[in-house]
$ cat coords07.cif   # mmCIF, C-alpha atoms
data_input
loop_
_atom_site.label_atom_id
_atom_site.label_comp_id
_atom_site.auth_asym_id
_atom_site.auth_seq_id
_atom_site.Cartn_x
_atom_site.Cartn_y
_atom_site.Cartn_z
CA MET A 1 9.99 -7.98 -4.66
CA GLU A 2 7.01 -8.59 -6.88
CA LYS A 3 3.61 -7.43 -5.76
CA MET A 4 1.64 -10.50 -4.75
CA ASN A 5 -1.57 -9.43 -6.46
CA THR A 6 0.09 -8.74 -9.85
CA THR A 7 1.88 -12.09 -10.15
CA HIS A 8 0.14 -14.57 -12.45
CA ILE A 9 1.17 -18.15 -13.22
CA VAL A 10 0.35 -19.75 -16.59
CA ILE A 11 0.58 -23.56 -16.66
CA MET A 12 0.75 -25.15 -20.11
CA ALA A 13 -0.98 -28.53 -19.93
CA GLY A 14 -1.92 -29.51 -23.45
CA GLY A 15 0.77 -32.08 -24.36
CA ILE A 16 0.03 -35.75 -24.96
CA GLY A 17 3.28 -37.21 -23.55
CA SER A 18 3.72 -39.76 -26.32
CA ARG A 19 7.17 -40.87 -25.12
CA PHE A 20 5.60 -42.13 -21.89
CA TRP A 21 3.20 -44.63 -23.40
CA PRO A 22 1.45 -46.68 -22.06
CA MET A 23 1.34 -44.72 -18.78
CA SER A 24 0.60 -41.59 -20.80
CA THR A 25 -2.05 -41.72 -23.51
CA PRO A 26 -3.70 -39.03 -25.65
CA GLU A 27 -6.85 -39.47 -23.56
CA TYR A 28 -4.99 -39.18 -20.22
CA PRO A 29 -1.47 -37.79 -20.66
CA LYS A 30 1.40 -37.79 -18.18
CA GLN A 31 0.71 -34.38 -16.59
CA PHE A 32 -2.43 -35.92 -15.07
CA VAL A 33 -0.69 -39.10 -13.85
CA ASP A 34 1.15 -39.86 -10.60
CA VAL A 35 4.41 -40.50 -12.44
CA MET A 36 6.59 -40.55 -9.31
CA GLY A 37 4.34 -42.79 -7.24
CA CYS A 38 4.09 -40.04 -4.58
CA GLY A 39 0.30 -39.66 -4.48
CA ARG A 40 0.21 -36.46 -6.56
CA THR A 41 0.05 -35.93 -10.29
CA MET A 42 2.54 -33.78 -12.20
CA ILE A 43 0.12 -30.87 -12.57
CA GLN A 44 -0.84 -31.05 -8.90
CA MET A 45 2.84 -30.80 -7.93
CA THR A 46 3.24 -27.83 -10.29
CA VAL A 47 0.35 -25.96 -8.63
CA GLU A 48 1.75 -26.71 -5.16
CA ARG A 49 5.19 -25.44 -6.23
CA PHE A 50 3.79 -22.05 -7.25
CA ALA A 51 1.02 -21.70 -4.64
CA PRO A 52 3.00 -19.42 -2.24
CA LEU A 53 3.84 -16.99 -5.05
CA CYS A 54 0.35 -15.75 -5.92
CA PRO A 55 -3.33 -16.17 -5.08
CA LEU A 56 -5.01 -19.19 -6.67
CA GLU A 57 -7.29 -16.86 -8.63
CA ASN A 58 -4.10 -15.70 -10.41
CA MET A 59 -3.26 -19.19 -11.64
CA TRP A 60 -4.17 -20.16 -15.19
CA VAL A 61 -4.10 -23.43 -17.08
CA VAL A 62 -4.06 -23.58 -20.88
CA THR A 63 -5.00 -27.00 -22.17
CA SER A 64 -6.95 -28.96 -24.74
CA GLU A 65 -10.74 -28.94 -24.59
CA ASP A 66 -10.44 -32.69 -24.02
CA TYR A 67 -8.66 -32.23 -20.69
CA VAL A 68 -10.78 -29.54 -19.02
CA GLY A 69 -12.74 -32.10 -17.00
CA ILE A 70 -9.56 -33.78 -15.73
CA ILE A 71 -8.13 -30.43 -14.63
CA ARG A 72 -11.33 -29.48 -12.81
CA SER A 73 -11.21 -32.74 -10.88
CA GLN A 74 -7.47 -32.64 -10.08
CA ILE A 75 -7.07 -28.95 -9.20
CA PRO A 76 -10.56 -27.75 -8.22
CA GLU A 77 -9.07 -24.85 -6.26
CA ILE A 78 -8.26 -23.00 -9.51
CA PRO A 79 -11.30 -21.06 -10.79
CA GLU A 80 -13.01 -22.73 -13.75
CA SER A 81 -12.82 -19.44 -15.63
CA ASN A 82 -9.02 -19.67 -15.43
CA ILE A 83 -8.93 -22.94 -17.39
CA LEU A 84 -8.43 -21.82 -20.98
CA ALA A 85 -9.42 -24.50 -23.47
CA GLU A 86 -7.64 -24.53 -26.83
CA PRO A 87 -9.96 -25.71 -29.62
CA CYS A 88 -6.88 -27.35 -31.21
CA ALA A 89 -3.13 -27.50 -30.60
CA ARG A 90 -1.21 -24.63 -32.22
CA ASN A 91 2.17 -24.87 -30.41
CA THR A 92 3.40 -22.65 -27.57
CA ALA A 93 3.22 -19.12 -29.04
CA PRO A 94 -0.58 -19.08 -29.56
CA CYS A 95 -1.05 -20.93 -26.25
CA ILE A 96 1.00 -18.35 -24.34
CA ALA A 97 -0.47 -15.41 -26.24
CA TYR A 98 -4.02 -16.53 -25.43
CA ALA A 99 -3.24 -16.62 -21.70
CA CYS A 100 -1.32 -13.33 -21.66
CA TRP A 101 -3.98 -11.39 -23.59
CA LYS A 102 -6.59 -12.81 -21.22
CA ILE A 103 -4.57 -11.82 -18.16
CA MET A 104 -3.93 -8.35 -19.60
CA ALA A 105 -7.67 -7.77 -19.93
CA GLY A 106 -8.09 -8.15 -16.17
CA CYS A 107 -4.67 -7.09 -14.84
CA PRO A 108 -2.75 -4.77 -17.18
CA GLU A 109 0.19 -4.57 -14.73
CA ALA A 110 0.60 -8.34 -14.49
CA ASN A 111 3.98 -10.02 -14.07
CA ILE A 112 3.73 -13.52 -15.49
CA VAL A 113 5.48 -16.86 -15.11
CA VAL A 114 4.84 -19.41 -17.88
CA THR A 115 5.66 -23.00 -16.99
CA PRO A 116 5.11 -26.52 -18.33
CA SER A 117 2.80 -28.69 -16.25
CA ASP A 118 4.99 -31.78 -16.29
CA ALA A 119 8.44 -30.88 -14.95
CA LEU A 120 9.90 -32.03 -11.64
CA VAL A 121 11.67 -29.78 -9.12
CA ILE A 122 13.49 -31.28 -6.14
CA ASN A 123 14.53 -28.13 -4.19
CA VAL A 124 11.27 -26.21 -4.15
CA ASP A 125 12.52 -23.46 -1.81
CA GLU A 126 15.41 -22.61 -4.13
CA PHE A 127 13.05 -22.71 -7.10
CA ARG A 128 10.75 -20.14 -5.46
CA ARG A 129 13.71 -17.92 -4.56
CA ILE A 130 14.81 -17.86 -8.20
CA ILE A 131 11.29 -17.26 -9.52
CA ARG A 132 10.87 -14.31 -7.13
CA GLY A 133 14.19 -12.87 -8.28
CA ALA A 134 13.27 -13.31 -11.94
CA LEU A 135 9.88 -11.65 -11.38
CA SER A 136 11.53 -8.67 -9.72
CA PHE A 137 14.07 -8.32 -12.56
CA ALA A 138 11.47 -8.69 -15.33
CA SER A 139 9.12 -6.16 -13.75
CA GLU A 140 11.70 -3.37 -13.98
CA GLY A 141 11.66 -2.89 -17.76
CA GLU A 142 11.54 -4.57 -21.15
CA ARG A 143 13.10 -7.83 -20.02
CA ILE A 144 12.30 -11.47 -20.65
CA VAL A 145 13.86 -14.04 -18.33
CA THR A 146 14.13 -17.77 -19.01
CA LEU A 147 15.37 -20.22 -16.42
CA GLY A 148 18.58 -21.98 -17.41
CA ILE A 149 19.43 -25.19 -15.58
CA LYS A 150 23.08 -25.86 -14.79
CA PRO A 151 23.77 -29.14 -16.61
CA THR A 152 24.92 -32.21 -14.71
CA ARG A 153 25.64 -34.43 -17.72
CA PRO A 154 26.07 -34.14 -21.53
CA GLU A 155 22.33 -34.39 -22.19
CA THR A 156 21.22 -34.65 -25.84
CA GLY A 157 17.50 -34.47 -25.07
CA TYR A 158 17.36 -30.79 -24.08
CA GLY A 159 17.84 -27.50 -25.89
CA TYR A 160 20.59 -25.28 -24.49
CA ILE A 161 21.05 -21.61 -23.64
CA ALA A 162 24.44 -19.96 -24.17
CA ALA A 163 24.79 -17.57 -21.23
CA GLY A 164 26.61 -14.28 -21.77
CA GLU A 165 27.64 -11.42 -19.52
CA GLN A 166 26.32 -11.40 -15.98
CA ILE A 167 24.23 -8.39 -15.00
CA ALA A 168 25.96 -6.29 -12.33
CA GLY A 169 24.63 -7.00 -8.85
CA SER A 170 22.57 -9.93 -10.07
CA GLU A 171 22.78 -13.68 -10.69
CA ILE A 172 21.05 -13.14 -14.04
CA CYS A 173 22.97 -13.19 -17.35
CA ALA A 174 22.28 -11.91 -20.83
CA VAL A 175 21.49 -14.66 -23.37
CA GLU A 176 23.98 -14.97 -26.23
CA SER A 177 22.00 -17.57 -28.16
CA PHE A 178 19.69 -20.56 -27.99
CA ARG A 179 20.95 -23.92 -29.27
CA GLU A 180 18.95 -26.88 -30.54
CA LYS A 181 19.25 -30.34 -28.99
CA PRO A 182 22.89 -31.34 -29.63
CA ASP A 183 24.58 -34.59 -30.57
CA ALA A 184 26.60 -36.36 -27.86
CA GLU A 185 29.93 -34.74 -28.84
CA THR A 186 28.47 -31.23 -28.87
CA ALA A 187 26.66 -31.84 -25.57
CA GLN A 188 29.99 -32.78 -23.97
CA LYS A 189 31.56 -29.56 -25.33
CA TYR A 190 28.69 -27.56 -23.84
CA LEU A 191 29.22 -29.24 -20.47
CA ASP A 192 32.98 -28.63 -20.56
CA ALA A 193 32.55 -24.95 -21.51
CA GLY A 194 30.59 -24.23 -18.34
CA THR A 195 28.56 -21.41 -19.93
CA TYR A 196 25.75 -23.51 -21.41
CA LEU A 197 22.49 -24.20 -19.59
CA TRP A 198 19.56 -26.51 -20.21
CA ASN A 199 16.49 -24.67 -21.45
CA ALA A 200 13.71 -25.44 -18.96
CA GLY A 201 10.97 -23.72 -20.99
CA ILE A 202 10.02 -21.51 -18.01
CA PHE A 203 9.55 -17.84 -18.92
CA ILE A 204 9.10 -14.73 -16.79
CA TRP A 205 7.97 -11.34 -18.14
CA ASN A 206 5.70 -8.37 -17.62
CA VAL A 207 2.52 -8.57 -19.67
CA ASP A 208 3.40 -5.34 -21.53
CA THR A 209 6.73 -6.86 -22.55
CA ILE A 210 5.36 -10.09 -24.00
CA VAL A 211 2.38 -8.44 -25.71
CA GLY A 212 4.66 -5.79 -27.20
CA SER A 213 7.12 -8.46 -28.31
CA LEU A 214 4.43 -10.46 -30.08
CA ARG A 215 3.10 -7.31 -31.76
CA ARG A 216 6.62 -6.64 -33.06
CA PHE A 217 7.80 -10.13 -34.00
CA ALA A 218 4.52 -12.00 -34.68
CA PRO A 219 2.05 -9.29 -35.77
CA GLU A 220 -0.43 -11.70 -37.41
CA LEU A 221 -0.71 -13.71 -34.20
CA ALA A 222 -1.09 -10.51 -32.15
CA ALA A 223 -3.88 -9.32 -34.44
CA LYS A 224 -5.77 -12.58 -33.92
CA MET A 225 -5.37 -12.21 -30.17
CA ASP A 226 -6.79 -8.67 -30.38
CA THR A 227 -9.82 -10.09 -32.19
CA MET A 228 -10.29 -12.77 -29.54
CA ALA A 229 -9.80 -10.26 -26.72
CA LYS A 230 -12.86 -8.27 -27.80
CA ALA A 231 -14.96 -11.23 -26.69
CA PHE A 232 -13.11 -12.02 -23.44
CA TYR A 233 -15.35 -12.16 -20.38
CA THR A 234 -18.50 -12.11 -22.56
CA ALA A 235 -21.01 -14.78 -23.58
CA ASP A 236 -19.40 -14.91 -27.04
CA GLU A 237 -15.91 -15.81 -25.83
CA LYS A 238 -16.04 -19.55 -26.52
CA LYS A 239 -17.54 -19.03 -29.97
CA VAL A 240 -14.97 -16.39 -31.00
CA VAL A 241 -12.02 -18.35 -29.62
CA GLY A 242 -13.32 -21.43 -31.43
CA GLU A 243 -13.37 -19.53 -34.71
CA VAL A 244 -10.12 -17.54 -34.42
CA PHE A 245 -7.69 -19.70 -32.46
CA PRO A 246 -7.52 -22.55 -35.03
CA THR A 247 -6.43 -20.01 -37.67
CA CYS A 248 -3.29 -19.09 -35.68
CA GLU A 249 0.02 -20.18 -37.13
CA LYS A 250 1.60 -23.19 -35.45
CA ILE A 251 4.72 -21.62 -33.99
CA SER A 252 6.72 -21.99 -30.80
CA ILE A 253 7.41 -19.06 -28.49
CA ASP A 254 11.11 -19.72 -29.09
CA TYR A 255 10.83 -19.01 -32.82
CA ALA A 256 8.21 -16.28 -32.41
CA VAL A 257 10.00 -14.19 -29.79
CA MET A 258 12.93 -15.68 -27.87
CA GLU A 259 15.29 -16.03 -30.83
CA LYS A 260 14.46 -12.56 -32.22
CA ALA A 261 14.39 -10.18 -29.25
CA ASP A 262 17.59 -8.64 -27.85
CA TYR A 263 16.31 -8.26 -24.28
CA ILE A 264 16.42 -11.94 -23.32
CA TYR A 265 18.08 -12.98 -20.06
CA THR A 266 18.66 -16.25 -18.26
CA TYR A 267 18.80 -17.10 -14.57
CA PRO A 268 21.35 -19.92 -14.07
CA SER A 269 19.63 -22.30 -11.68
CA ASP A 270 20.33 -25.43 -9.71
CA PHE A 271 17.24 -26.74 -7.96
CA GLY A 272 17.08 -30.35 -9.11
CA TRP A 273 15.06 -30.00 -12.32
CA SER A 274 13.94 -32.55 -14.89
CA ASP A 275 11.35 -32.38 -17.62
CA VAL A 276 10.71 -36.10 -16.98
CA GLY A 277 10.41 -36.52 -20.73
CA THR A 278 11.40 -40.17 -21.07
CA TRP A 279 11.42 -43.40 -19.10
CA GLY A 280 15.21 -43.10 -18.92
CA SER A 281 14.99 -39.67 -17.30
CA LEU A 282 12.42 -40.97 -14.81
CA TRP A 283 14.76 -43.87 -13.96
CA THR A 284 17.47 -41.35 -12.98
CA LEU A 285 15.07 -39.57 -10.59
CA LEU A 286 13.60 -42.53 -8.73
CA PRO A 287 15.35 -44.40 -5.89
CA HIS A 288 17.17 -47.56 -6.96
CA ASP A 289 17.58 -50.94 -5.29
CA GLU A 290 20.99 -52.61 -4.93
CA ASN A 291 20.80 -53.76 -8.57
CA GLY A 292 19.95 -50.37 -10.03
CA ASN A 293 16.24 -51.06 -10.50
CA ALA A 294 13.65 -48.29 -10.02
CA VAL A 295 10.13 -49.41 -9.16
CA VAL A 296 6.77 -47.63 -8.90
CA GLY A 297 4.17 -50.07 -7.57
CA LYS A 298 3.63 -52.03 -4.37
CA ASN A 299 3.17 -55.46 -5.94
CA VAL A 300 6.32 -55.70 -8.06
CA HIS A 301 8.76 -58.56 -7.41
CA LEU A 302 12.15 -58.69 -9.15
CA TYR A 303 14.55 -61.63 -9.38
CA GLU A 304 18.01 -61.29 -10.97
CA CYS A 305 16.97 -58.03 -12.65
CA LYS A 306 19.39 -55.14 -13.21
CA GLY A 307 19.07 -51.52 -14.34
CA CYS A 308 15.32 -51.66 -15.02
CA ILE A 309 12.47 -49.23 -14.50
CA VAL A 310 9.17 -50.89 -13.63
CA HIS A 311 6.04 -48.72 -13.45
CA ALA A 312 2.95 -50.69 -12.42
CA PRO A 313 1.23 -48.93 -9.50
CA ASN A 314 -2.18 -50.48 -10.16
CA ALA A 315 -1.18 -54.00 -11.15
CA SER A 316 -2.33 -56.79 -8.84
CA SER A 317 1.06 -58.50 -9.18
CA VAL A 318 4.15 -58.23 -11.39
CA VAL A 319 6.98 -60.78 -11.31
CA LEU A 320 10.10 -60.31 -13.43
CA GLU A 321 13.15 -62.58 -13.68
CA GLY A 322 16.42 -62.00 -15.50
CA ILE A 323 15.44 -58.69 -17.11
CA GLU A 324 18.21 -56.12 -17.59
CA ASP A 325 18.32 -52.46 -18.67
CA SER A 326 14.67 -52.48 -19.68
CA ILE A 327 11.42 -50.55 -19.30
CA VAL A 328 8.41 -52.49 -18.03
CA VAL A 329 5.11 -50.62 -17.75
CA GLU A 330 1.52 -51.69 -17.11
CA ARG A 331 -1.47 -49.35 -17.20
CA GLU A 332 -5.11 -50.34 -17.63
CA GLY A 333 -4.27 -53.54 -19.49
CA ARG A 334 -1.63 -51.98 -21.75
CA ILE A 335 1.84 -53.46 -21.28
CA LEU A 336 5.18 -52.24 -22.58
CA ILE A 337 8.45 -54.17 -22.33
CA CYS A 338 11.27 -52.34 -24.10
CA ARG A 339 15.04 -52.15 -23.86
CA MET A 340 16.09 -48.84 -22.31
CA SER A 341 18.39 -48.24 -25.28
CA GLU A 342 15.40 -48.38 -27.67
CA GLU A 343 13.05 -46.07 -25.78
CA GLN A 344 13.13 -43.46 -28.58
CA ARG A 345 11.06 -45.98 -30.59
CA ILE A 346 8.16 -45.96 -28.15
CA LYS A 347 6.30 -43.45 -30.36
CA GLU A 348 6.52 -46.01 -33.21
CA PHE A 349 5.17 -48.81 -31.04
CA GLN A 350 1.85 -47.01 -30.55
CA LYS A 351 0.91 -47.17 -34.24
#
$ encode --input "coords07.cif" --output "structure tokens"
Amino acid sequence: MEKMNTTHIVIMAGGIGSRFWPMSTPEYPKQFVDVMGCGRTMIQMTVERFAPLCPLENMWVVTSEDYVGIIRSQIPEIPESNILAEPCARNTAPCIAYACWKIMAGCPEANIVVTPSDALVINVDEFRRIIRGALSFASEGERIVTLGIKPTRPETGYGYIAAGEQIAGSEICAVESFREKPDAETAQKYLDAGTYLWNAGIFIWNVDTIVGSLRRFAPELAAKMDTMAKAFYTADEKKVVGEVFPTCEKISIDYAVMEKADYIYTYPSDFGWSDVGTWGSLWTLLPHDENGNAVVGKNVHLYECKGCIVHAPNASSVVLEGIEDSIVVEREGRILICRMSEEQRIKEFQK
């Protein structure tokens, strides 16, 4: 079992959620919105999910400078000093490195979980059981664990993990390879094989392991982190980070470390996970009426509608008639009506 005071949680909250327009905008993206209509935003649910695993002073949020104020207002229980503001977006490797170097400066024995801020978990107890197991496994040596979700359908919107040999006395498996988002035929083959898992983008490691890995596989990035670290917890920190961080290469943690190291493991998991990345995925998660419609909003009235998702929690009144298999969204005067089959074009519609 991990030591409570050495467990740290890093929440990545810098994305703009462009596939969820108009609910999600660059000024106020989906992680800060009550997507499910449950009274809590995505990032608030993420903090609640991890709260029993470590003290709140061991929780960190890495985000854009533009969102620091939103985070302070939505999760005031996390210390302001634990909100790390990126001067600009540089993908996940610099984001994660920044947090891990910062944690290492104050807790060199830290065991770390890195998680997106905008995923949904249904079975929270099972999720915590698996995270605890992964922390224990990762703390025992040079091991990186990524959570692999047992697929329930031939999903083309997720990357996959090919699971290899199971570790004796454990539910954890070695990783054979990572696979990019597949086409429909390949996704079906993955599902039929039974050894492929969805990549949830949740990582567990000891701080020595990830820092050592970045020094080995991304030495230029590690050198920039060393430069920044000299200013951590000083009056010059913001200035130095502002100068150095934007010079980091834009690279994902997958390319920087996960696809290069040979000590990568996966924990096959089934706790009702979704990255809630599209309106279609949200439709599958919400309750449906007898005609297959999913509604978020108290003042929505449907007549002869089928297979729609309607998201209008703040609208004074919405009336729809004869709409089928469509997305209907209202937020602060912005309205989207789009066929579900064309939702991949939503990014285009914002231009």
$ atom_distance --input "coords07.cif" --atom1 "CA of Val145 in chain A" --atom2 "CA of Glu249 in chain A"
24.1 Å
$ closest_residue --input "coords07.cif" --among "A:Lys238, A:Lys347, A:Lys189, A:Arg129" --to "Pro52 in chain A" --atoms "all atoms listed in the file"
A:Arg129
$ resolve_selection --input "coords07.cif" --expression "the PyMOL selection byres ((chain A and resi 58) around 10)" --output "ChimeraX atom specification"
/A:4-10,51,53-57,59-60,78-79,82,103,107,110,112
$ atom_distance --input "coords07.cif" --atom1 "CA of Ala93 in chain A" --atom2 "CA of Val244 in chain A"
14.5 Å
$ residues_around --input "coords07.cif" --residues "Ala315 in chain A" --least-positions-apart "2" --cutoff "8 Å" --atoms "all atoms listed in the file" --output "VMD selection string"
chain A and resid 297 299 312 to 313 317 to 318 330 to 331
$ resolve_selection --input "coords07.cif" --expression "the PyMOL selection byres ((chain A and resi 287) around 12)" --output "ChimeraX atom specification"
/A:36-37,282-286,288-296,307-310
$ closest_residue --input "coords07.cif" --among "A:Asp254, A:Asp236, A:Glu348, A:Glu342" --to "Thr146 in chain A" --atoms "all atoms listed in the file"
A:Asp254
$ build_atoms --input "coords07.cif" --residues "range 165-192 of chain A" --atoms "N, CA and C atoms" --output "mmCIF file, in the coordinates of the input"
data_model
loop_
_atom_site.group_PDB
_atom_site.id
_atom_site.type_symbol
_atom_site.label_atom_id
_atom_site.label_comp_id
_atom_site.auth_asym_id
_atom_site.auth_seq_id
_atom_site.Cartn_x
_atom_site.Cartn_y
_atom_site.Cartn_z
ATOM 1 N N GLU A 165 27.150 -12.238 -20.624
ATOM 2 C CA GLU A 165 27.640 -11.420 -19.520
ATOM 3 C C GLU A 165 26.636 -11.365 -18.376
ATOM 4 N N GLN A 166 27.164 -11.475 -17.171
ATOM 5 C CA GLN A 166 26.320 -11.400 -15.980
ATOM 6 C C GLN A 166 25.957 -9.947 -15.693
ATOM 7 N N ILE A 167 24.699 -9.739 -15.323
ATOM 8 C CA ILE A 167 24.230 -8.390 -15.000
ATOM 9 C C ILE A 167 24.791 -7.974 -13.646
ATOM 10 N N ALA A 168 25.343 -6.765 -13.571
ATOM 11 C CA ALA A 168 25.960 -6.290 -12.330
ATOM 12 C C ALA A 168 24.977 -6.361 -11.167
ATOM 13 N N GLY A 169 25.450 -6.906 -10.050
ATOM 14 C CA GLY A 169 24.630 -7.000 -8.850
ATOM 15 C C GLY A 169 23.517 -8.018 -8.930
ATOM 16 N N SER A 170 23.640 -8.958 -9.845
ATOM 17 C CA SER A 170 22.570 -9.930 -10.070
ATOM 18 C C SER A 170 23.159 -11.290 -10.426
ATOM 19 N N GLU A 171 22.387 -12.347 -10.228
ATOM 20 C CA GLU A 171 22.780 -13.680 -10.690
ATOM 21 C C GLU A 171 22.380 -13.903 -12.148
ATOM 22 N N ILE A 172 21.632 -12.985 -12.704
ATOM 23 C CA ILE A 172 21.050 -13.140 -14.040
ATOM 24 C C ILE A 172 22.068 -12.732 -15.104
ATOM 25 N N CYS A 173 22.040 -13.449 -16.240
ATOM 26 C CA CYS A 173 22.970 -13.190 -17.350
ATOM 27 C C CYS A 173 22.190 -12.854 -18.617
ATOM 28 N N ALA A 174 22.830 -12.093 -19.494
ATOM 29 C CA ALA A 174 22.280 -11.910 -20.830
ATOM 30 C C ALA A 174 22.352 -13.255 -21.577
ATOM 31 N N VAL A 175 21.464 -13.451 -22.542
ATOM 32 C CA VAL A 175 21.490 -14.660 -23.370
ATOM 33 C C VAL A 175 22.231 -14.344 -24.668
ATOM 34 N N GLU A 176 23.269 -15.128 -24.963
ATOM 35 C CA GLU A 176 23.980 -14.970 -26.230
ATOM 36 C C GLU A 176 23.224 -15.635 -27.370
ATOM 37 N N SER A 177 22.729 -16.857 -27.108
ATOM 38 C CA SER A 177 22.000 -17.570 -28.160
ATOM 39 C C SER A 177 21.299 -18.781 -27.558
ATOM 40 N N PHE A 178 20.334 -19.299 -28.315
ATOM 41 C CA PHE A 178 19.690 -20.560 -27.990
ATOM 42 C C PHE A 178 20.221 -21.626 -28.952
ATOM 43 N N ARG A 179 20.417 -22.830 -28.456
ATOM 44 C CA ARG A 179 20.950 -23.920 -29.270
ATOM 45 C C ARG A 179 19.974 -25.099 -29.264
ATOM 46 N N GLU A 180 19.829 -25.713 -30.417
ATOM 47 C CA GLU A 180 18.950 -26.880 -30.540
ATOM 48 C C GLU A 180 19.544 -28.069 -29.776
ATOM 49 N N LYS A 181 18.762 -29.129 -29.647
ATOM 50 C CA LYS A 181 19.250 -30.340 -28.990
ATOM 51 C C LYS A 181 20.513 -30.825 -29.713
ATOM 52 N N PRO A 182 21.626 -31.004 -28.986
ATOM 53 C CA PRO A 182 22.890 -31.340 -29.630
ATOM 54 C C PRO A 182 23.114 -32.843 -29.774
ATOM 55 N N ASP A 183 24.128 -33.211 -30.584
ATOM 56 C CA ASP A 183 24.580 -34.590 -30.570
ATOM 57 C C ASP A 183 25.462 -34.791 -29.340
ATOM 58 N N ALA A 184 25.886 -36.034 -29.100
ATOM 59 C CA ALA A 184 26.600 -36.360 -27.860
ATOM 60 C C ALA A 184 27.914 -35.580 -27.753
ATOM 61 N N GLU A 185 28.650 -35.450 -28.863
ATOM 62 C CA GLU A 185 29.930 -34.740 -28.840
ATOM 63 C C GLU A 185 29.737 -33.262 -28.504
ATOM 64 N N THR A 186 28.736 -32.652 -29.132
ATOM 65 C CA THR A 186 28.470 -31.230 -28.870
ATOM 66 C C THR A 186 27.985 -31.030 -27.439
ATOM 67 N N ALA A 187 27.146 -31.942 -26.944
ATOM 68 C CA ALA A 187 26.660 -31.840 -25.570
ATOM 69 C C ALA A 187 27.821 -31.882 -24.576
ATOM 70 N N GLN A 188 28.819 -32.704 -24.847
ATOM 71 C CA GLN A 188 29.990 -32.780 -23.970
ATOM 72 C C GLN A 188 30.772 -31.464 -24.012
ATOM 73 N N LYS A 189 30.882 -30.860 -25.201
ATOM 74 C CA LYS A 189 31.560 -29.560 -25.330
ATOM 75 C C LYS A 189 30.818 -28.479 -24.541
ATOM 76 N N TYR A 190 29.490 -28.515 -24.599
ATOM 77 C CA TYR A 190 28.690 -27.560 -23.840
ATOM 78 C C TYR A 190 28.955 -27.718 -22.337
ATOM 79 N N LEU A 191 28.993 -28.972 -21.887
ATOM 80 C CA LEU A 191 29.220 -29.240 -20.470
ATOM 81 C C LEU A 191 30.603 -28.751 -20.050
ATOM 82 N N ASP A 192 31.608 -29.029 -20.877
ATOM 83 C CA ASP A 192 32.980 -28.630 -20.560
ATOM 84 C C ASP A 192 33.146 -27.107 -20.546
#
